[in-house]
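K.L.:
Just so it is clear, I am handing over my_file_32.csv, which has CSV, C-alpha atoms.
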```csv
chain,number,residue,atom,x,y,z
A,1,MET,CA,-75.3,3.1,-30.5
A,2,THR,CA,-78.3,2.2,-28.3
A,3,PRO,CA,-81.4,3.6,-29.8
A,4,VAL,CA,-83.3,6.1,-27.6
A,5,PRO,CA,-86.7,4.6,-26.7
A,6,ALA,CA,-89.5,6.6,-28.1
A,7,GLU,CA,-91.7,8.5,-25.6
A,8,PRO,CA,-95.1,6.9,-25.2
A,9,LYS,CA,-97.7,8.7,-27.1
A,10,GLU,CA,-100.8,10.0,-25.4
A,11,VAL,CA,-104.0,8.4,-26.8
A,12,LEU,CA,-106.5,10.8,-28.2
A,13,ARG,CA,-109.5,9.3,-26.2
A,14,PRO,CA,-108.8,7.0,-23.3
A,15,HIS,CA,-111.4,4.3,-22.5
A,16,ALA,CA,-113.7,5.2,-19.5
A,17,GLU,CA,-112.0,2.7,-17.2
A,18,GLN,CA,-108.6,4.3,-18.0
A,19,GLU,CA,-109.6,7.9,-17.7
A,20,TYR,CA,-111.6,7.4,-14.5
A,21,GLN,CA,-109.4,4.7,-13.0
A,22,ALA,CA,-108.8,6.7,-9.7
A,23,GLU,CA,-112.5,7.2,-9.2
A,24,LEU,CA,-113.4,3.6,-9.8
A,25,ALA,CA,-110.6,2.5,-7.5
A,26,ALA,CA,-111.8,4.9,-4.7
A,27,LEU,CA,-115.4,3.6,-5.0
A,28,ALA,CA,-114.3,0.0,-5.0
A,29,ALA,CA,-112.0,0.4,-1.9
A,30,ALA,CA,-114.9,1.4,0.4
A,31,ASP,CA,-117.8,-0.4,-1.3
A,32,GLY,CA,-119.2,-2.8,1.3
A,33,ARG,CA,-122.6,-3.2,-0.3
A,34,PRO,CA,-123.6,-6.5,-1.9
A,35,ARG,CA,-122.3,-7.0,-5.5
A,36,PRO,CA,-123.9,-9.2,-8.1
A,37,ALA,CA,-121.7,-12.0,-9.4
A,38,GLY,CA,-118.9,-10.7,-11.5
A,39,TRP,CA,-119.5,-7.1,-10.7
A,40,ARG,CA,-116.6,-4.9,-9.6
A,41,LEU,CA,-118.8,-2.4,-7.8
A,42,SER,CA,-122.2,-2.7,-6.1
A,43,PRO,CA,-125.2,-1.2,-8.0
A,44,TRP,CA,-125.2,1.7,-5.5
A,45,ALA,CA,-121.5,2.5,-6.3
A,46,VAL,CA,-122.2,2.2,-10.1
A,47,ALA,CA,-125.0,4.7,-9.8
A,48,THR,CA,-122.7,7.0,-7.7
A,49,TYR,CA,-120.0,6.7,-10.4
A,50,LEU,CA,-122.4,7.7,-13.1
A,51,LEU,CA,-124.2,10.5,-11.2
A,52,GLY,CA,-121.4,11.9,-9.2
A,53,GLY,CA,-120.7,12.2,-5.4
A,54,THR,CA,-117.9,11.7,-3.0
A,55,ALA,CA,-116.0,8.5,-2.2
A,56,ALA,CA,-115.3,7.5,1.4
A,57,ASP,CA,-111.7,8.7,1.1
A,58,GLY,CA,-112.8,12.1,-0.1
A,59,THR,CA,-112.2,11.5,-3.8
A,60,GLN,CA,-114.7,13.6,-5.9
A,61,ILE,CA,-116.7,11.5,-8.3
A,62,THR,CA,-117.5,13.6,-11.4
A,63,PRO,CA,-121.0,13.2,-12.9
A,64,LYS,CA,-120.8,11.2,-16.1
A,65,TYR,CA,-124.6,11.5,-16.9
A,66,ILE,CA,-126.7,14.5,-16.0
A,67,GLY,CA,-130.3,13.6,-15.9
A,68,SER,CA,-132.9,11.6,-13.9
A,69,ARG,CA,-131.4,9.6,-11.0
A,70,ARG,CA,-134.3,7.1,-11.2
A,71,LEU,CA,-133.6,6.4,-14.9
A,72,VAL,CA,-130.0,5.5,-14.1
A,73,GLU,CA,-131.1,3.4,-11.1
A,74,VAL,CA,-133.5,1.4,-13.4
A,75,ALA,CA,-130.7,0.9,-16.0
A,76,VAL,CA,-128.3,-0.4,-13.3
A,77,ALA,CA,-130.9,-2.6,-11.7
A,78,THR,CA,-131.8,-4.1,-15.0
A,79,LEU,CA,-128.2,-5.3,-15.5
A,80,ALA,CA,-128.2,-6.9,-12.1
A,81,THR,CA,-131.0,-9.2,-13.4
A,82,ASP,CA,-131.0,-11.7,-16.2
A,83,ARG,CA,-132.5,-9.1,-18.7
A,84,ALA,CA,-130.4,-7.2,-21.1
A,85,LEU,CA,-130.7,-3.4,-21.3
A,86,LEU,CA,-131.7,-1.4,-24.4
A,87,LEU,CA,-131.0,2.4,-24.3
A,88,LEU,CA,-133.3,4.1,-26.7
A,89,GLY,CA,-133.4,7.7,-27.7
A,90,VAL,CA,-132.9,10.4,-30.3
A,91,PRO,CA,-129.3,11.1,-31.5
A,92,GLY,CA,-127.2,12.9,-29.0
A,93,THR,CA,-128.9,11.8,-25.7
A,94,ALA,CA,-125.8,10.1,-24.4
A,95,LYS,CA,-126.8,6.5,-25.1
A,96,THR,CA,-123.2,5.4,-26.1
A,97,TRP,CA,-121.7,7.5,-23.4
A,98,LEU,CA,-123.9,5.9,-20.7
A,99,SER,CA,-123.3,2.4,-22.2
A,100,GLU,CA,-119.6,2.8,-22.0
A,101,HIS,CA,-119.5,4.0,-18.4
A,102,LEU,CA,-121.9,1.3,-17.3
A,103,ALA,CA,-119.6,-1.3,-18.7
A,104,ALA,CA,-116.5,0.3,-17.2
A,105,ALA,CA,-118.0,0.5,-13.8
A,106,ILE,CA,-119.5,-3.0,-13.8
A,107,SER,CA,-116.8,-5.0,-15.6
A,108,GLY,CA,-113.8,-2.7,-15.7
A,109,ASP,CA,-113.8,-3.1,-19.5
A,110,SER,CA,-115.8,-1.1,-21.9
A,111,THR,CA,-114.1,-2.4,-25.1
A,112,LEU,CA,-116.2,-5.6,-25.7
A,113,MET,CA,-118.3,-3.8,-28.3
A,114,VAL,CA,-120.1,-4.7,-31.5
A,115,GLN,CA,-120.7,-1.7,-33.8
A,116,GLY,CA,-124.0,-2.1,-35.6
A,117,THR,CA,-124.0,-1.2,-39.3
A,118,ALA,CA,-125.8,-2.4,-42.4
A,119,GLY,CA,-122.7,-4.5,-43.1
A,120,THR,CA,-122.3,-6.1,-39.6
A,121,ALA,CA,-122.0,-9.9,-40.1
A,122,GLU,CA,-123.2,-12.6,-37.7
A,123,GLU,CA,-119.6,-13.4,-36.8
A,124,ALA,CA,-119.3,-10.1,-35.0
A,125,VAL,CA,-122.0,-11.3,-32.6
A,126,ARG,CA,-121.0,-14.9,-32.4
A,127,TYR,CA,-117.6,-16.0,-33.6
A,128,GLY,CA,-115.5,-16.4,-36.8
A,129,TRP,CA,-112.7,-18.6,-37.9
A,130,ASN,CA,-109.0,-18.5,-38.5
A,131,TYR,CA,-109.3,-20.0,-42.0
A,132,ALA,CA,-105.6,-21.0,-42.2
A,133,ARG,CA,-106.0,-23.1,-39.1
A,134,LEU,CA,-109.5,-24.2,-40.0
A,135,ILE,CA,-108.2,-25.7,-43.4
A,136,ALA,CA,-105.1,-27.2,-41.8
A,137,GLU,CA,-106.6,-28.6,-38.6
A,138,GLY,CA,-110.4,-28.6,-39.1
A,139,PRO,CA,-112.9,-27.1,-36.7
A,140,SER,CA,-111.4,-26.7,-33.2
A,141,ARG,CA,-111.4,-24.2,-30.3
A,142,ASP,CA,-108.0,-23.0,-31.4
A,143,ALA,CA,-109.2,-22.2,-34.9
A,144,MET,CA,-112.1,-20.1,-33.5
A,145,VAL,CA,-112.0,-16.3,-33.4
A,146,PRO,CA,-114.4,-15.3,-30.6
A,147,GLY,CA,-116.4,-12.1,-31.1
A,148,PRO,CA,-116.9,-9.5,-28.3
A,149,VAL,CA,-120.1,-11.0,-27.1
A,150,MET,CA,-118.6,-14.5,-26.9
A,151,ARG,CA,-115.6,-13.1,-25.0
A,152,ALA,CA,-117.9,-11.3,-22.6
A,153,MET,CA,-119.8,-14.5,-22.0
A,154,ALA,CA,-116.6,-16.4,-21.2
A,155,ALA,CA,-115.3,-13.7,-18.9
A,156,GLY,CA,-118.5,-12.7,-17.2
A,157,GLN,CA,-118.5,-9.2,-18.4
A,158,ILE,CA,-120.7,-6.6,-20.1
A,159,ALA,CA,-121.0,-6.7,-23.9
A,160,ARG,CA,-122.1,-3.6,-25.8
A,161,VAL,CA,-124.0,-3.6,-29.0
A,162,GLU,CA,-124.1,-0.1,-30.6
A,163,GLU,CA,-126.9,0.9,-33.0
A,164,LEU,CA,-128.7,-2.4,-32.8
A,165,THR,CA,-131.4,-1.3,-35.3
A,166,ARG,CA,-128.8,-0.6,-37.9
A,167,MET,CA,-127.8,-4.3,-38.0
A,168,PRO,CA,-129.6,-6.7,-40.4
A,169,SER,CA,-132.4,-8.6,-38.9
A,170,ASP,CA,-130.8,-12.0,-39.1
A,171,VAL,CA,-127.7,-10.7,-37.3
A,172,GLN,CA,-130.0,-9.2,-34.6
A,173,ASP,CA,-131.7,-12.6,-34.1
A,174,ALA,CA,-128.3,-14.2,-33.3
A,175,LEU,CA,-128.7,-12.5,-29.9
A,176,ILE,CA,-132.0,-14.3,-29.0
A,177,THR,CA,-130.5,-17.5,-27.8
A,178,ILE,CA,-127.7,-15.7,-26.1
A,179,LEU,CA,-130.1,-13.4,-24.2
A,180,SER,CA,-132.7,-16.0,-23.3
A,181,GLU,CA,-130.6,-19.1,-22.6
A,182,LYS,CA,-127.3,-17.4,-21.7
A,183,THR,CA,-125.8,-19.9,-24.1
A,184,LEU,CA,-124.0,-19.7,-27.4
A,185,PRO,CA,-124.3,-22.9,-29.5
A,186,ILE,CA,-121.2,-24.0,-31.4
A,187,PRO,CA,-122.6,-26.5,-33.9
A,188,GLU,CA,-119.3,-27.0,-35.7
A,189,LEU,CA,-117.9,-28.5,-32.6
A,190,GLY,CA,-121.0,-30.1,-31.3
A,191,SER,CA,-120.8,-28.0,-28.1
A,192,GLU,CA,-121.8,-24.7,-26.5
A,193,LEU,CA,-120.5,-21.9,-24.4
A,194,GLN,CA,-122.4,-21.1,-21.3
A,195,ALA,CA,-122.1,-17.5,-19.9
A,196,VAL,CA,-120.6,-17.1,-16.4
A,197,GLY,CA,-121.8,-14.7,-13.7
A,198,GLY,CA,-121.5,-11.0,-14.6
A,199,PHE,CA,-122.4,-11.4,-18.3
A,200,ASN,CA,-125.0,-9.2,-19.8
A,201,VAL,CA,-125.7,-7.0,-22.8
A,202,ILE,CA,-126.2,-3.3,-23.2
A,203,ALA,CA,-127.6,-2.3,-26.6
A,204,THR,CA,-128.3,1.2,-27.9
A,205,ALA,CA,-130.8,2.2,-30.6
A,206,ASN,CA,-131.7,5.4,-32.3
A,207,ASP,CA,-135.4,6.6,-32.2
A,208,ARG,CA,-135.0,8.0,-35.7
A,209,ASP,CA,-133.9,4.6,-37.2
A,210,ARG,CA,-137.3,3.1,-36.7
A,211,GLY,CA,-138.1,1.2,-39.8
A,212,VAL,CA,-134.5,0.6,-40.8
A,213,ASN,CA,-134.3,-2.9,-39.2
A,214,GLU,CA,-137.1,-3.1,-36.6
A,215,LEU,CA,-136.4,-5.4,-33.7
A,216,SER,CA,-138.5,-8.6,-33.8
A,217,SER,CA,-140.9,-9.0,-30.9
A,218,ALA,CA,-138.9,-12.1,-29.7
A,219,LEU,CA,-135.7,-10.0,-29.4
A,220,ARG,CA,-137.4,-6.9,-28.0
A,221,ARG,CA,-138.9,-9.1,-25.1
A,222,ARG,CA,-135.3,-10.0,-24.1
A,223,PHE,CA,-134.5,-6.3,-23.3
A,224,ASN,CA,-135.7,-4.0,-20.7
A,225,THR,CA,-135.9,-0.6,-22.6
A,226,VAL,CA,-134.9,2.6,-21.0
A,227,VAL,CA,-135.7,5.8,-23.0
A,228,LEU,CA,-133.1,8.5,-22.6
A,229,PRO,CA,-134.8,11.9,-23.0
A,230,VAL,CA,-133.3,15.2,-24.2
A,231,PRO,CA,-132.4,17.5,-21.2
A,232,GLU,CA,-135.5,18.8,-19.5
A,233,SER,CA,-134.2,22.3,-18.9
A,234,ALA,CA,-131.9,24.8,-20.6
A,235,GLU,CA,-129.7,24.9,-17.4
A,236,GLN,CA,-129.3,21.2,-17.5
A,237,GLU,CA,-128.3,21.2,-21.2
A,238,VAL,CA,-125.9,24.1,-20.6
A,239,GLU,CA,-124.2,22.1,-17.9
A,240,ILE,CA,-123.9,19.0,-20.1
A,241,VAL,CA,-122.4,21.0,-23.0
A,242,THR,CA,-120.0,22.9,-20.7
A,243,ARG,CA,-118.7,19.8,-19.0
A,244,ARG,CA,-118.2,17.8,-22.2
A,245,VAL,CA,-116.6,20.8,-24.1
A,246,ALA,CA,-114.1,21.2,-21.3
A,247,GLN,CA,-113.3,17.5,-21.3
A,248,LEU,CA,-112.9,17.4,-25.1
A,249,GLY,CA,-110.8,20.5,-25.0
A,250,ARG,CA,-108.3,18.8,-22.7
A,251,SER,CA,-108.3,15.6,-24.7
A,252,ILE,CA,-107.5,17.3,-28.0
A,253,GLY,CA,-104.9,19.6,-26.5
A,254,LEU,CA,-106.7,22.9,-26.8
A,255,PRO,CA,-105.0,25.7,-24.8
A,256,GLU,CA,-106.6,26.3,-21.4
A,257,THR,CA,-109.3,28.6,-22.5
A,258,PRO,CA,-112.3,29.3,-20.2
A,259,PRO,CA,-115.5,28.2,-22.1
A,260,GLY,CA,-117.6,31.2,-23.1
A,261,ALA,CA,-120.7,30.8,-20.9
A,262,GLU,CA,-122.7,33.4,-22.8
A,263,GLU,CA,-122.1,31.8,-26.2
A,264,ILE,CA,-122.8,28.3,-24.9
A,265,ARG,CA,-126.1,29.4,-23.5
A,266,ARG,CA,-126.9,31.1,-26.9
A,267,VAL,CA,-126.1,27.9,-28.8
A,268,VAL,CA,-128.2,25.8,-26.4
A,269,THR,CA,-131.1,28.2,-26.6
A,270,VAL,CA,-131.1,28.3,-30.4
A,271,PHE,CA,-131.0,24.5,-30.6
A,272,ARG,CA,-133.7,24.0,-28.0
A,273,GLU,CA,-136.1,26.5,-29.6
A,274,LEU,CA,-135.6,25.1,-33.1
A,275,ARG,CA,-135.9,21.5,-31.8
A,276,GLN,CA,-139.1,22.3,-29.9
A,277,GLY,CA,-140.7,24.6,-32.5
A,278,VAL,CA,-141.3,27.4,-30.0
A,279,THR,CA,-139.3,30.0,-28.2
A,280,GLU,CA,-138.3,29.5,-24.6
A,281,ASP,CA,-140.8,32.0,-23.4
A,282,GLY,CA,-143.5,30.2,-25.3
A,283,ARG,CA,-144.6,33.4,-27.2
A,284,SER,CA,-143.6,32.5,-30.7
A,285,LYS,CA,-143.7,29.4,-32.8
A,286,VAL,CA,-140.8,28.7,-35.1
A,287,LYS,CA,-140.2,26.3,-38.0
A,288,SER,CA,-138.1,23.2,-36.9
A,289,PRO,CA,-135.4,22.2,-39.4
A,290,SER,CA,-134.7,18.6,-40.3
A,291,ALA,CA,-131.6,18.4,-38.2
A,292,THR,CA,-131.8,16.7,-34.7
A,293,LEU,CA,-130.0,19.6,-32.9
A,294,SER,CA,-129.2,17.5,-29.8
A,295,PRO,CA,-126.7,18.3,-27.1
A,296,ALA,CA,-124.2,16.3,-29.1
A,297,GLU,CA,-124.4,18.9,-32.0
A,298,ALA,CA,-124.2,21.7,-29.5
A,299,ILE,CA,-121.0,20.2,-28.0
A,300,SER,CA,-119.5,19.9,-31.5
A,301,VAL,CA,-120.4,23.5,-32.4
A,302,VAL,CA,-118.9,25.0,-29.2
A,303,THR,CA,-115.7,22.8,-29.3
A,304,SER,CA,-115.1,23.9,-32.9
A,305,GLY,CA,-115.7,27.5,-31.9
A,306,LEU,CA,-113.2,27.2,-29.0
A,307,ALA,CA,-110.6,25.8,-31.4
A,308,LEU,CA,-111.1,28.9,-33.7
A,309,ALA,CA,-110.9,31.2,-30.7
A,310,ALA,CA,-107.8,29.6,-29.3
A,311,HIS,CA,-105.8,29.3,-32.6
A,312,PHE,CA,-107.1,32.2,-34.7
A,313,GLY,CA,-108.5,34.6,-32.2
A,314,ASP,CA,-107.7,36.1,-28.8
A,315,GLY,CA,-108.8,33.0,-26.9
A,316,VAL,CA,-112.2,34.3,-26.0
A,317,LEU,CA,-115.2,32.5,-27.5
A,318,ARG,CA,-117.2,35.0,-29.5
A,319,PRO,CA,-120.3,34.8,-31.8
A,320,ALA,CA,-118.2,34.7,-34.9
A,321,ASP,CA,-116.5,31.6,-33.6
A,322,VAL,CA,-119.8,29.6,-33.3
A,323,ALA,CA,-121.7,31.2,-36.2
A,324,GLY,CA,-120.3,28.9,-38.9
A,325,GLY,CA,-120.7,25.7,-36.8
A,326,ILE,CA,-124.3,26.5,-35.8
A,327,THR,CA,-125.3,27.4,-39.3
A,328,GLY,CA,-123.9,24.1,-40.7
A,329,ALA,CA,-125.6,22.1,-37.9
A,330,VAL,CA,-129.0,23.7,-38.6
A,331,ILE,CA,-128.9,23.6,-42.4
A,332,GLN,CA,-128.9,20.0,-43.4
A,333,ASP,CA,-131.4,20.4,-46.2
A,334,PRO,CA,-130.1,23.3,-48.3
A,335,VAL,CA,-133.6,24.5,-49.2
A,336,SER,CA,-136.1,24.0,-46.4
A,337,ASP,CA,-133.6,24.2,-43.6
A,338,ARG,CA,-132.1,27.4,-45.0
A,339,VAL,CA,-135.6,29.0,-45.1
A,340,ALA,CA,-136.3,27.9,-41.5
A,341,TRP,CA,-133.0,29.3,-40.3
A,342,GLN,CA,-133.3,32.6,-42.0
A,343,GLU,CA,-136.8,33.1,-40.7
A,344,TYR,CA,-135.7,32.3,-37.2
A,345,LEU,CA,-132.8,34.8,-37.4
A,346,GLU,CA,-135.2,37.5,-38.6
A,347,THR,CA,-138.2,36.9,-36.4
A,348,VAL,CA,-136.5,35.8,-33.2
A,349,VAL,CA,-132.8,36.5,-33.0
A,350,ARG,CA,-132.8,40.0,-34.5
A,351,ASP,CA,-135.1,41.4,-31.9
A,352,ARG,CA,-133.4,40.0,-28.8
A,353,ASP,CA,-131.6,42.2,-26.4
A,354,ASP,CA,-127.8,41.8,-26.4
A,355,TRP,CA,-128.0,39.3,-29.4
A,356,SER,CA,-127.1,41.8,-32.1
A,357,ASP,CA,-123.5,40.6,-32.4
A,358,PHE,CA,-124.7,37.0,-32.7
A,359,TYR,CA,-127.3,38.0,-35.3
A,360,ARG,CA,-124.7,39.8,-37.4
A,361,ALA,CA,-122.3,36.9,-37.3
A,362,CYS,CA,-124.9,34.3,-38.3
A,363,ARG,CA,-126.3,36.5,-41.0
A,364,GLU,CA,-122.9,37.0,-42.5
A,365,VAL,CA,-122.4,33.2,-42.7
A,366,ALA,CA,-125.9,32.4,-43.9
A,367,GLY,CA,-125.7,35.0,-46.6
```
Here is a file; write its structure as structure tokens.

P.N.:
Amino acid sequence: MTPVPAEPKEVLRPHAEQEYQAELAALAAADGRPRPAGWRLSPWAVATYLLGGTAADGTQITPKYIGSRRLVEVAVATLATDRALLLLGVPGTAKTWLSEHLAAAISGDSTLMVQGTAGTAEEAVRYGWNYARLIAEGPSRDAMVPGPVMRAMAAGQIARVEELTRMPSDVQDALITILSEKTLPIPELGSELQAVGGFNVIATANDRDRGVNELSSALRRRFNTVVLPVPESAEQEVEIVTRRVAQLGRSIGLPETPPGAEEIRRVVTVFRELRQGVTEDGRSKVKSPSATLSPAEAISVVTSGLALAAHFGDGVLRPADVAGGITGAVIQDPVSDRVAWQEYLETVVRDRDDWSDFYRACREVAG
């Protein structure tokens, strides 16, 4: 009996170049502007892909980053030069998201990535060895296992280094020669690999990790730093959260449930006020908890709330669906954060018009 082939499984999170393949193709088809060596799109088309617009054939380009156009233009222009790009900001300011989409638009491949951690080894930046072949044949190109950066150099593509300041200093410094000379020495073979046109590096770093593994001045000089701010206005932040929640809902198979605009605005308002230490109208100061409370946390809270509403409620996002998530996001320190949260509920939320249901739901969770 001939076995029935299994149906292909849908991946949980497609890479940017896969999910937005049609948009990238539409932009490339009508892109007559000059392109730097190795780029699939011109810098103008890359910025359009990131910020949204309309391609020549009418294809709608969805915004990938909601924020300052000039900031995006500076990031794209940096990658068109010989300087690497460092995206710096507090957690949740879309550093990784922007890095991925920049690589997808420029190289058509966002997967050449080194994830920085305290245990990241130098081989992740340079190359390793197939030890069976190394012992049997000695050092040779065939025995080498190139890392993502080395593969990007050979192919003329963008390499991504996530959480650069989490990596040990000696591993960070392996990038210095690569960024300054565009060359990777291979002393075991008495040779080197020279990068081809299109190669560059996008690194991300967390503002709150200062002091973990500070970048040396020599390495920092090799980067042009672009600081990604938190959203300037509540409307901008609500738009970011709404778009990402809808996208995540589709990717994880949530039933088609319209996002609760009122609850999203409440979550965003609470996070902004606690983050800034003052209410939106500027009349009252509030204690800020230790948590970051960025748009990323708001997206997580609303997505979890939508899952509760879809699977255990009537499909409508209500205060009870977000109360548990928002309380858990705010209270990271069980002592000081709990005091700040309860004080905020009693002095700000309780007296707000039309927030009584939200207040009761959060009080029930907070205890």

K.L.:
For Leu248 (chain A), which residue out of A:Asp109, A:Ser304, A:Gly313, A:Thr81 is the nearest one, using all atoms listed in the file?

P.N.:
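Closest candidate: A:Ser304.
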
K.L.:
Any chance you could tabulate, as CSV, the residues of region 47-108 of chain A at most 8 Å from region 17-21 of chain A with each one's nearest atom pair and distance in Å to one decimal, using all atoms listed in the file, in chain and rising number order?

P.N.:
```
residue,atom,partner,partner_atom,distance
A:His101,CA,A:Glu17,CA,7.7
A:Ala104,CA,A:Glu17,CA,5.1
A:Ala105,CA,A:Glu17,CA,7.2
A:Gly108,CA,A:Glu17,CA,5.9
```

K.L.:
Could you check the closest approach to Pro14 (chain A) for each of A:Glu297, A:Glu239, A:Asp57, A:Glu100 and tell me which residue wins, using only C-alpha atoms?

P.N.:
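Of all the options, A:Glu100 lies closest to Pro14 (chain A).
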
K.L.:
With all atoms listed in the file as the basis for distance, which of A:Tyr344, A:Leu12, A:Ser107, A:Ala261 is at the shortest distance from Leu41 (chain A)?

P.N.:
A:Ser107

K.L.:
Please list as a list in words every residue within 12 Å of Ala124 (chain A), counting only C-alpha atoms and excluding residues in the same chain fewer than 6 positions away.

P.N.:
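Using only C-alpha atoms, the neighbours found are Leu112, Met113, Val114, Gln115, Gly116, Thr117, Val145, Pro146, Gly147, Pro148, Val149, Met150, Arg151, Ala159, Arg160, Val161, Glu162, Met167, Val171, Gln172, Ala174 and Leu175 of chain A.
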
K.L.:
Find the residues around Lys287 (chain A) up to 7 Å (all atoms listed in the file counted), leave out those fewer than 3 positions away in its own chain, and share them as a ChimeraX atom specification.

P.N.:
/A:274,277,340

K.L.:
Within 9 Å of Asp173 (chain A), counting only C-alpha atoms, which residues show up once you throw out same-chain ones fewer than 3 positions away? Write them as a PyMOL selection string, please.

P.N.:
chain A and resi 168-170+176-177+215-216+218-219
